[in-house]
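Chemist: Can you keep this structure in mind? I'll have questions shortly.
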Amino acid sequence: MAARVVEVANGVPGLAAERAVTWPKRTRAQLSNGLEVILAEAHSIPKFHGELFFRSGNAAAAHRGPGLAEMTATVVRTGTRKRASRQIEEDLRRIGADLSSGAGADTSAISFAGLSEFAEPLLGLVNELVREAAFPDAEFERERRQKLEEVKLERTQPGFVASARLRKVLFGAHPYGEVSPSEEQVAAYKREDLQVIYREFYTPENGLLLLVGDFDAAGMLKTIEKVFGAWTGKKPEPTAAAAPANPRGRRVYLVHLPGAVQTQIVAGCHAITRKHPDWVKLGLTNSLYGGAFNSRLVMNIREDKGYTYSPRSGVHALRQHGYFSVSAAVRNDVVAASLTEMFYEMDKLRSVPVPVPELADAQNYLSGVFSMGLATQDGLLSQLSTVALNELPDDYLETYRPRVRALKPEDLLATARKYLDSANMQVVVVGDRAQIEEQASLFGEVEVYDAQGKRMD
Amino acid sequence: MKRLQIAMESAKLANGLNVVVAPDTTAPVVTVGVYYKIGFRLEPQGRSGFAHLFEHMMFQGSANAPKMQHIKLVNSSGGMLNGSTSYDVTNYYEAVPSNALERVLWLEADRMRALKVDDENLKNQRDVVKEEVRVNVMNQPYGGFPWLDMPPVAFRNWANAHNFYGDFADLDAADLADVQAFFKTYYVPNNAVLLMLGDVKAEEGIALAKKYFGEISAGAPPPFADPSEPEQGEERRGNVEEKFGTLPAMAIGYVIPKRRTADWCAMALLDQALHGGRAGRMHRELVIEKQIAVEAGGGIDDIFGYNGPTQMTTRVLHKPEYSSQATLEAFDAVVREVQENGISADELEQLKVKWRSDYYATLEGGRGGYMPRYGLMHLLACFTLFDNEPQLANTILDGFLAVSREEIQAVAKKYLRNEKRAIVFRTPVKAALPAGAKEAA
């Protein structure tokens, strides 16, 4: 079909001179017990945001059971030697604080935010949670049953089912292949396993404390020493998992969801971690492909063809491996048409250099959006944690924008060829089999699963 | 106690456009918003979902910025953009590096002055909206529960009771004439507020507003359908089938007091007592103590952002071994407890500290982390359009911090009454049969 003629705008005001972006000073320290501390002042509201990370998550706990680090983090907040669950929740409210605990593949973390005037009691509670969690029997049992219901619910959500299947396909038996436990695995959780993980992971040598907000950094550092100084504990032994095989050849995985009125598509391939020298190049390539509203894929399958509301692509970095993915929830009768366009846009970026004006637009986008992180306390916290947890250079925030701006069309062509690996993309479609199997089979040999992950004929 | 004071200036242009500027030099970023006082409630009968469909059309081209240019010009300036439709307002917003401020104002003014869309654009966005409804509602477990399920059960006035996302037949019936008529009626400067927050000086912002918006003609004052509800005298109940999830669910909604009254402030703190996260009484009783529910939360959604009848709604997903009746009895026990015994002085103190803390978080809050000051923008817009008083952002907290224990108990008795509530049951079609139904203690 002939492409729609794109008209240009008339009389658009030019951009004024760019104002300097100044990243706030970071105060770094390491306590004598090994706890790493990073502080940044941000005085927008009389509050502060914090996160205490441990550099071990579900992947490091996988040999004991999938999702066990997450379960450990969940139960950590339900009681300490000094405070019962109800007391913890009321004490948080008393100081106007929010707190959550959780674990991803590579880290466990307590995240919190509160009023600056109550910083010390909030840090005191965090300290208590990471040192004196009591894992009360009844709380563990309740959270385990709660988790069972969550796990059941997840498997009825097309987006979850699709991304879980993709991870399985890309990472196989590696811990990254398992994004969530099964009901049987949750049923097998033992309180003692959680306590072992807690003792091993929740130590100052394994920790990173980040605080951003309305405080004086020097004074805050003293408070931190006072609160966390007496804590001790070693770094856990590193766990190593065999590198996952990189799947070759395009294959299709259909998850049958009877009665689905739409099809969730997600396709992906192995890519890189954030430490990789190609990271910024791939970020820019992704933003041209499907990572921004103005990207080629969104303009094509949403704004031109109306196949979907929610197309996007992304680069996902885990500590040891990364992957690239593209997704969209589409009308059942355009599954094949949508996949065709997804591959067309990938192959085009692999074949034809990006025109310079389009590249400049994407560079502006990525460098502009990056500086938005400065404007809010939690935005800044998230930027700082990305740098610290991925062991990126200290000046990463300062040099990111110039590095984006230095890229040339040939850099992006090479990057797309390397990482938008269309011939080896693994395609997952989640929907009603009768309506989509024939369309899906146009893109490779089809394996069919049910929502619980069981292979069907 | 440290109080936050937001610096702001406001003005009204000759064409009736309200302008509010809130300067803050934390980052070289500016957030721009345009809010129109039109939402779901006022969309025409026979055109359910139209306010939202129209919001999509505002990205489809204006006199000098044809289709795809609006999005391209914001993204390529280093910014993010979006829009959303609510009960009483529709908003359009961008966060950009501050050197793109004039460009964004030009874009917003261009589409306020003259929308330029065709049938192909309308067909395209109708398809996009249908996929939006499918991904958020029809193809999701508990999709639209309870925000779409509750209104037809709870309300009698069509303005409050219809399907806000739109029946597909109504979306299909919408044509270009509807789009232009809606635009002419509601998208006039005298029915809108322009907001600039962040790296912009107050006088500069107001001067730029005049430069780009000053020449847009005012329209006739838009008609406003009366959204008031007839007095409710009986409990209302409805049932909706749940296609994917296996847990039975229910939502219980009570109409809340009129905005900016003393009862409204007390109700907000009562809401915090009932639904304030894991310390809230609903979660504590139903999820932690009795372990009947897997989820029990909710409350008043966007308390500052509505201008008509609204509810405080509790959403409960419960274990199949408990009957709906048993679950509702456990819910009622929580309500009865606060009606009979009120709350302690200590609990009230906790609620107030948390309320203040949450309020500050709202003011700073981004949307998805990348729309700085979305919350402040939203409050300034609603306080301007509904109350003609943007300074309320600096004073409204006082009313909540002055609430007494007696007032909380009084509103619990006055508003949390069975004959003032509506209940929607969302019943799974494929629920596992309970092993043996238990009655709640």
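Identifiers for the structure tokens are assigned positionally: chains receive A, B, ... in sequence, residues are indexed from 1 per chain, and ligands are indexed from 1 in the order shown.
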Which residues of chain B are close to chain A, meaning at most 7 Å apart when you count only C-alpha atoms, and how do they look as JSON, numbers by chain?

Modeler: {"B": [2, 4, 26, 27, 28, 29, 64, 65, 66, 69, 71, 72, 75, 76, 77, 78, 79, 97, 99, 100, 102, 103, 124, 125, 127, 128, 129, 131, 132, 134, 135, 139, 140, 141, 244, 245, 278, 279, 294, 350, 351, 353, 354, 357, 360, 364, 369, 370, 372]}

Chemist: Output N, CA and C atoms for every residue in the selection just made, as a CSV table (one decimal), in the first residue's frame.

Modeler:
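Dumped to result.csv:
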```csv
chain,number,residue,atom,x,y,z
B,2,LYS,N,7.3,21.4,58.6
B,2,LYS,CA,7.7,22.3,57.5
B,2,LYS,C,6.6,22.3,56.4
B,4,LEU,N,5.0,23.4,52.7
B,4,LEU,CA,5.5,23.7,51.4
B,4,LEU,C,4.7,24.8,50.8
B,26,THR,N,14.4,23.9,39.7
B,26,THR,CA,15.1,22.7,40.1
B,26,THR,C,15.8,22.1,38.9
B,27,ALA,N,15.1,22.0,37.7
B,27,ALA,CA,15.7,21.4,36.5
B,27,ALA,C,15.3,22.2,35.3
B,28,PRO,N,16.1,22.2,34.2
B,28,PRO,CA,15.8,23.0,33.0
B,28,PRO,C,14.7,22.3,32.2
B,29,VAL,N,13.6,22.1,32.9
B,29,VAL,CA,12.5,21.3,32.3
B,29,VAL,C,11.2,22.1,32.6
B,64,ASN,N,-2.0,24.2,11.4
B,64,ASN,CA,-0.6,24.3,10.9
B,64,ASN,C,0.3,23.2,11.3
B,65,ALA,N,-0.2,22.2,12.0
B,65,ALA,CA,0.5,21.0,12.4
B,65,ALA,C,-0.2,19.8,12.1
B,66,PRO,N,-0.1,19.3,10.8
B,66,PRO,CA,-0.9,18.2,10.4
B,66,PRO,C,-0.5,16.9,11.1
B,69,GLN,N,2.6,15.4,13.1
B,69,GLN,CA,3.5,16.5,13.4
B,69,GLN,C,3.5,16.9,14.9
B,71,ILE,N,3.1,15.0,17.6
B,71,ILE,CA,3.9,14.1,18.4
B,71,ILE,C,5.4,14.2,18.0
B,72,LYS,N,5.6,14.3,16.7
B,72,LYS,CA,7.0,14.4,16.3
B,72,LYS,C,7.7,15.7,16.8
B,75,ASN,N,8.4,15.2,20.7
B,75,ASN,CA,9.4,14.2,20.9
B,75,ASN,C,10.8,14.7,20.4
B,76,SER,N,10.8,15.3,19.3
B,76,SER,CA,12.1,15.7,18.7
B,76,SER,C,12.6,17.0,19.4
B,77,SER,N,11.8,17.6,20.3
B,77,SER,CA,12.4,18.6,21.1
B,77,SER,C,12.9,18.1,22.5
B,78,GLY,N,12.8,16.8,22.6
B,78,GLY,CA,13.3,16.2,23.8
B,78,GLY,C,12.3,16.0,24.9
B,79,GLY,N,11.0,16.0,24.5
B,79,GLY,CA,9.9,16.0,25.4
B,79,GLY,C,9.0,14.8,25.3
B,97,PRO,N,12.4,20.0,27.7
B,97,PRO,CA,13.5,20.9,28.1
B,97,PRO,C,13.0,22.3,27.9
B,99,ASN,N,13.9,25.0,26.7
B,99,ASN,CA,14.2,25.7,25.5
B,99,ASN,C,13.1,25.4,24.4
B,100,ALA,N,12.2,24.4,24.7
B,100,ALA,CA,11.2,24.1,23.7
B,100,ALA,C,9.8,24.7,24.2
B,102,GLU,N,8.3,27.6,23.9
B,102,GLU,CA,7.5,28.4,22.9
B,102,GLU,C,6.9,27.4,21.8
B,103,ARG,N,7.7,26.4,21.5
B,103,ARG,CA,7.2,25.5,20.5
B,103,ARG,C,6.0,24.7,21.0
B,124,ASN,N,-9.0,5.7,11.9
B,124,ASN,CA,-7.8,5.2,12.5
B,124,ASN,C,-7.9,5.2,14.0
B,125,GLN,N,-8.3,6.4,14.6
B,125,GLN,CA,-8.3,6.5,16.0
B,125,GLN,C,-9.5,5.7,16.6
B,127,ASP,N,-10.3,2.8,15.6
B,127,ASP,CA,-9.7,1.4,15.7
B,127,ASP,C,-8.7,1.4,16.9
B,128,VAL,N,-7.9,2.4,17.1
B,128,VAL,CA,-6.9,2.5,18.2
B,128,VAL,C,-7.7,2.4,19.5
B,129,VAL,N,-8.7,3.2,19.6
B,129,VAL,CA,-9.5,3.2,20.9
B,129,VAL,C,-10.1,1.9,21.2
B,131,GLU,N,-8.9,-1.0,20.4
B,131,GLU,CA,-7.8,-1.8,21.0
B,131,GLU,C,-7.4,-1.4,22.4
B,132,GLU,N,-7.6,-0.1,22.7
B,132,GLU,CA,-7.3,0.4,24.0
B,132,GLU,C,-8.3,-0.2,25.0
B,134,ARG,N,-10.0,-3.0,24.5
B,134,ARG,CA,-9.8,-4.4,24.6
B,134,ARG,C,-8.6,-4.7,25.6
B,135,VAL,N,-7.5,-4.0,25.4
B,135,VAL,CA,-6.3,-4.3,26.3
B,135,VAL,C,-6.5,-3.9,27.7
B,139,ASN,N,-10.1,-7.7,27.5
B,139,ASN,CA,-9.1,-8.9,27.5
B,139,ASN,C,-8.3,-9.0,28.7
B,140,GLN,N,-8.8,-8.3,29.8
B,140,GLN,CA,-8.0,-8.3,31.1
B,140,GLN,C,-8.9,-8.9,32.2
B,141,PRO,N,-8.3,-9.7,33.1
B,141,PRO,CA,-9.0,-10.1,34.3
B,141,PRO,C,-9.4,-8.9,35.1
B,244,PHE,N,-12.1,-14.1,32.9
B,244,PHE,CA,-10.7,-14.6,33.0
B,244,PHE,C,-10.3,-15.0,34.5
B,245,GLY,N,-10.6,-14.1,35.4
B,245,GLY,CA,-10.1,-14.3,36.8
B,245,GLY,C,-10.9,-15.4,37.4
B,278,ARG,N,-1.5,-0.7,53.9
B,278,ARG,CA,-1.5,-1.8,54.8
B,278,ARG,C,-1.9,-1.5,56.2
B,279,ALA,N,-1.9,-0.2,56.5
B,279,ALA,CA,-2.3,0.2,57.9
B,279,ALA,C,-3.8,0.5,57.8
B,294,VAL,N,-8.0,-11.4,49.3
B,294,VAL,CA,-6.7,-11.3,48.8
B,294,VAL,C,-6.3,-9.8,48.5
B,350,GLN,N,-1.9,10.1,63.3
B,350,GLN,CA,-1.2,9.3,62.2
B,350,GLN,C,-1.8,9.7,60.8
B,351,LEU,N,-3.1,9.7,60.7
B,351,LEU,CA,-3.7,10.0,59.5
B,351,LEU,C,-3.4,11.3,58.9
B,353,VAL,N,-0.6,13.1,59.5
B,353,VAL,CA,0.8,13.2,59.1
B,353,VAL,C,0.9,12.5,57.7
B,354,LYS,N,0.2,11.4,57.6
B,354,LYS,CA,0.3,10.7,56.3
B,354,LYS,C,-0.4,11.4,55.2
B,357,SER,N,2.0,14.1,54.0
B,357,SER,CA,3.1,13.6,53.3
B,357,SER,C,2.6,13.1,51.9
B,360,TYR,N,2.2,16.2,49.6
B,360,TYR,CA,3.4,16.7,49.0
B,360,TYR,C,3.9,15.8,47.8
B,364,GLU,N,4.6,16.9,43.7
B,364,GLU,CA,5.9,16.7,43.0
B,364,GLU,C,5.7,15.6,41.9
B,369,GLY,N,7.1,8.5,36.2
B,369,GLY,CA,8.5,8.9,36.5
B,369,GLY,C,9.0,10.0,35.6
B,370,TYR,N,8.3,10.2,34.4
B,370,TYR,CA,8.9,11.2,33.4
B,370,TYR,C,8.0,12.3,33.1
B,372,PRO,N,7.3,15.3,35.2
B,372,PRO,CA,7.5,16.0,36.4
B,372,PRO,C,6.3,17.0,36.7
```

Chemist: Near Ala174 of chain B, within 10 Å and counting only C-alpha atoms, which residues show up once chain neighbours fewer than 2 positions away are dropped, as a PyMOL selection string?

Modeler: chain B and resi 46-50+53-54+122-123+126+169-172+176-179

Chemist: Could you pull out the residues in segment 317-422 of chain B that DSSP calls helix (DSSP H, G or I) from the backbone, as a ChimeraX atom specification?

Modeler: /B:324-341,345-364,374-387,392-401,405-415,418-420

Chemist: Give me the residues near Lys184 of chain B as a short mmCIF file (atom, residue, chain, number, x, y, z; two decimals) with C-alpha atoms, in the first residue's frame, where near means some atom within 10 Å (using only C-alpha atoms) and where sequence neighbours in that chain fewer than 6 positions away do not count.

Modeler:
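Once everything was written out, this is part10.cif:
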```cif
data_model
loop_
_atom_site.label_atom_id
_atom_site.label_comp_id
_atom_site.auth_asym_id
_atom_site.auth_seq_id
_atom_site.Cartn_x
_atom_site.Cartn_y
_atom_site.Cartn_z
CA MET B 112 -7.12 25.12 20.36
CA ARG B 113 -7.63 27.48 17.42
CA ALA B 114 -8.41 25.00 14.65
CA LEU B 115 -8.57 21.23 14.71
CA ASP B 178 -19.73 15.22 15.84
CA GLY B 219 -16.78 30.91 22.14
CA ALA B 220 -20.27 30.89 23.59
CA PRO B 222 -20.59 25.89 26.89
#
```

Chemist: As an mmCIF file with C-alpha atoms, in the first residue's frame, please: the residues near Glu389 of chain B (cut-off 12 Å, only C-alpha atoms, same-chain neighbours under 6 positions excluded).

Modeler:
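Written output follows (result.cif):
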```
data_model
loop_
_atom_site.group_PDB
_atom_site.id
_atom_site.type_symbol
_atom_site.label_atom_id
_atom_site.label_comp_id
_atom_site.auth_asym_id
_atom_site.auth_seq_id
_atom_site.Cartn_x
_atom_site.Cartn_y
_atom_site.Cartn_z
ATOM 1 C CA MET B 8 2.479 30.884 41.347
ATOM 2 C CA GLU B 9 0.940 33.666 39.273
ATOM 3 C CA SER B 10 -2.343 33.504 37.468
ATOM 4 C CA ALA B 11 -4.118 35.638 34.891
ATOM 5 C CA LYS B 12 -7.180 35.570 32.669
ATOM 6 C CA ASN B 18 -7.091 31.099 32.399
ATOM 7 C CA VAL B 19 -3.321 30.992 32.743
ATOM 8 C CA VAL B 20 -1.363 29.709 35.737
ATOM 9 C CA VAL B 193 -6.812 26.713 31.615
ATOM 10 C CA LEU B 379 -4.452 20.387 41.165
ATOM 11 C CA LEU B 380 -3.848 23.899 39.818
ATOM 12 C CA ALA B 381 -6.022 23.094 36.798
ATOM 13 C CA CYS B 382 -8.909 21.674 38.816
ATOM 14 C CA PHE B 383 -8.756 24.444 41.416
ATOM 15 C CA THR B 395 -4.243 26.357 51.571
ATOM 16 C CA ILE B 396 -6.446 23.334 51.039
#
```

Chemist: With only C-alpha atoms as the basis for distance, which of B:Gly238, B:Gly399, B:Pro221, B:Gly375 is at the shortest distance from Met150 of chain B?

Modeler: B:Gly238

Chemist: Enumerate the residues of segment 38-284 of chain B with a DSSP assignment of strand (DSSP E), computed from the backbone, and present them as a VMD selection string.

Modeler: chain B and resid 80 to 85 90 to 97 192 to 198 236 to 242 249 to 255

Chemist: If we count only C-alpha atoms and set the cut-off at 8 Å, which residues sit around Ala440 of chain A, ignoring sequence neighbours fewer than 3 positions away in its own chain? Please answer as a list in words.

Modeler: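 Near Ala440 of chain A, the qualifying residues are Val252, Leu254, Val335, Ala336, Val429, Ile436, Glu437, Phe443, Gly444 and Val446 of chain A.
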
Chemist: Can you pull out the residues contacting Glu41 of chain A? Cut-off 6 Å, using only C-alpha atoms, and skip same-chain residues under 2 positions away; I want them as an MDAnalysis selection string.

Modeler: chainID A and resid 212:214

Chemist: Using only C-alpha atoms, which of A:Gly65, A:Pro355, A:Gly50, A:Gly104 sits nearest Leu194 of chain A?

Modeler: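 Closest residue, counting only C-alpha atoms: A:Gly65.
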
Chemist: Find the distance between atom CA of Val133 of chain B and atom CA of Asp167 of chain B and write it in Å to one decimal.

Modeler: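 Interatomic distance, atom CA of Val133 of chain B to atom CA of Asp167 of chain B: 9.9 Å.
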
Chemist: Residues at most 6 Å from Gly322 of chain A, counting only C-alpha atoms, excluding those fewer than 5 positions away in the same chain, as a short mmCIF file (atom, residue, chain, number, x, y, z; two decimals) with C-alpha atoms, in the first residue's frame?

Modeler:
```
data_model
loop_
_atom_site.label_atom_id
_atom_site.label_comp_id
_atom_site.auth_asym_id
_atom_site.auth_seq_id
_atom_site.Cartn_x
_atom_site.Cartn_y
_atom_site.Cartn_z
CA ALA A 271 21.06 -8.35 23.52
CA ILE A 272 23.48 -6.74 26.00
CA THR A 273 23.92 -5.53 29.56
CA HIS A 316 16.03 -4.97 29.03
CA ALA A 317 19.27 -5.20 30.92
#
```

Chemist: Between B:Glu241, B:Glu340, B:Glu203, B:Asp271, which one has atoms that come closest to Glu406 of chain B, using only C-alpha atoms?

Modeler: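 Closest to Glu406 of chain B of all the choices is B:Glu340.
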
Chemist: When you draw a straight line from atom CA of Leu412 of chain A to atom CA of Asn82 of chain B, how long is it in Å?

Modeler: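 Rounded to one decimal, the two atoms are 27.8 Å apart.
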
Chemist: Would you mind reading off the distance between atom CA of His318 of chain B and atom CA of Gly276 of chain B, one decimal, in Å?

Modeler: 18.9 Å
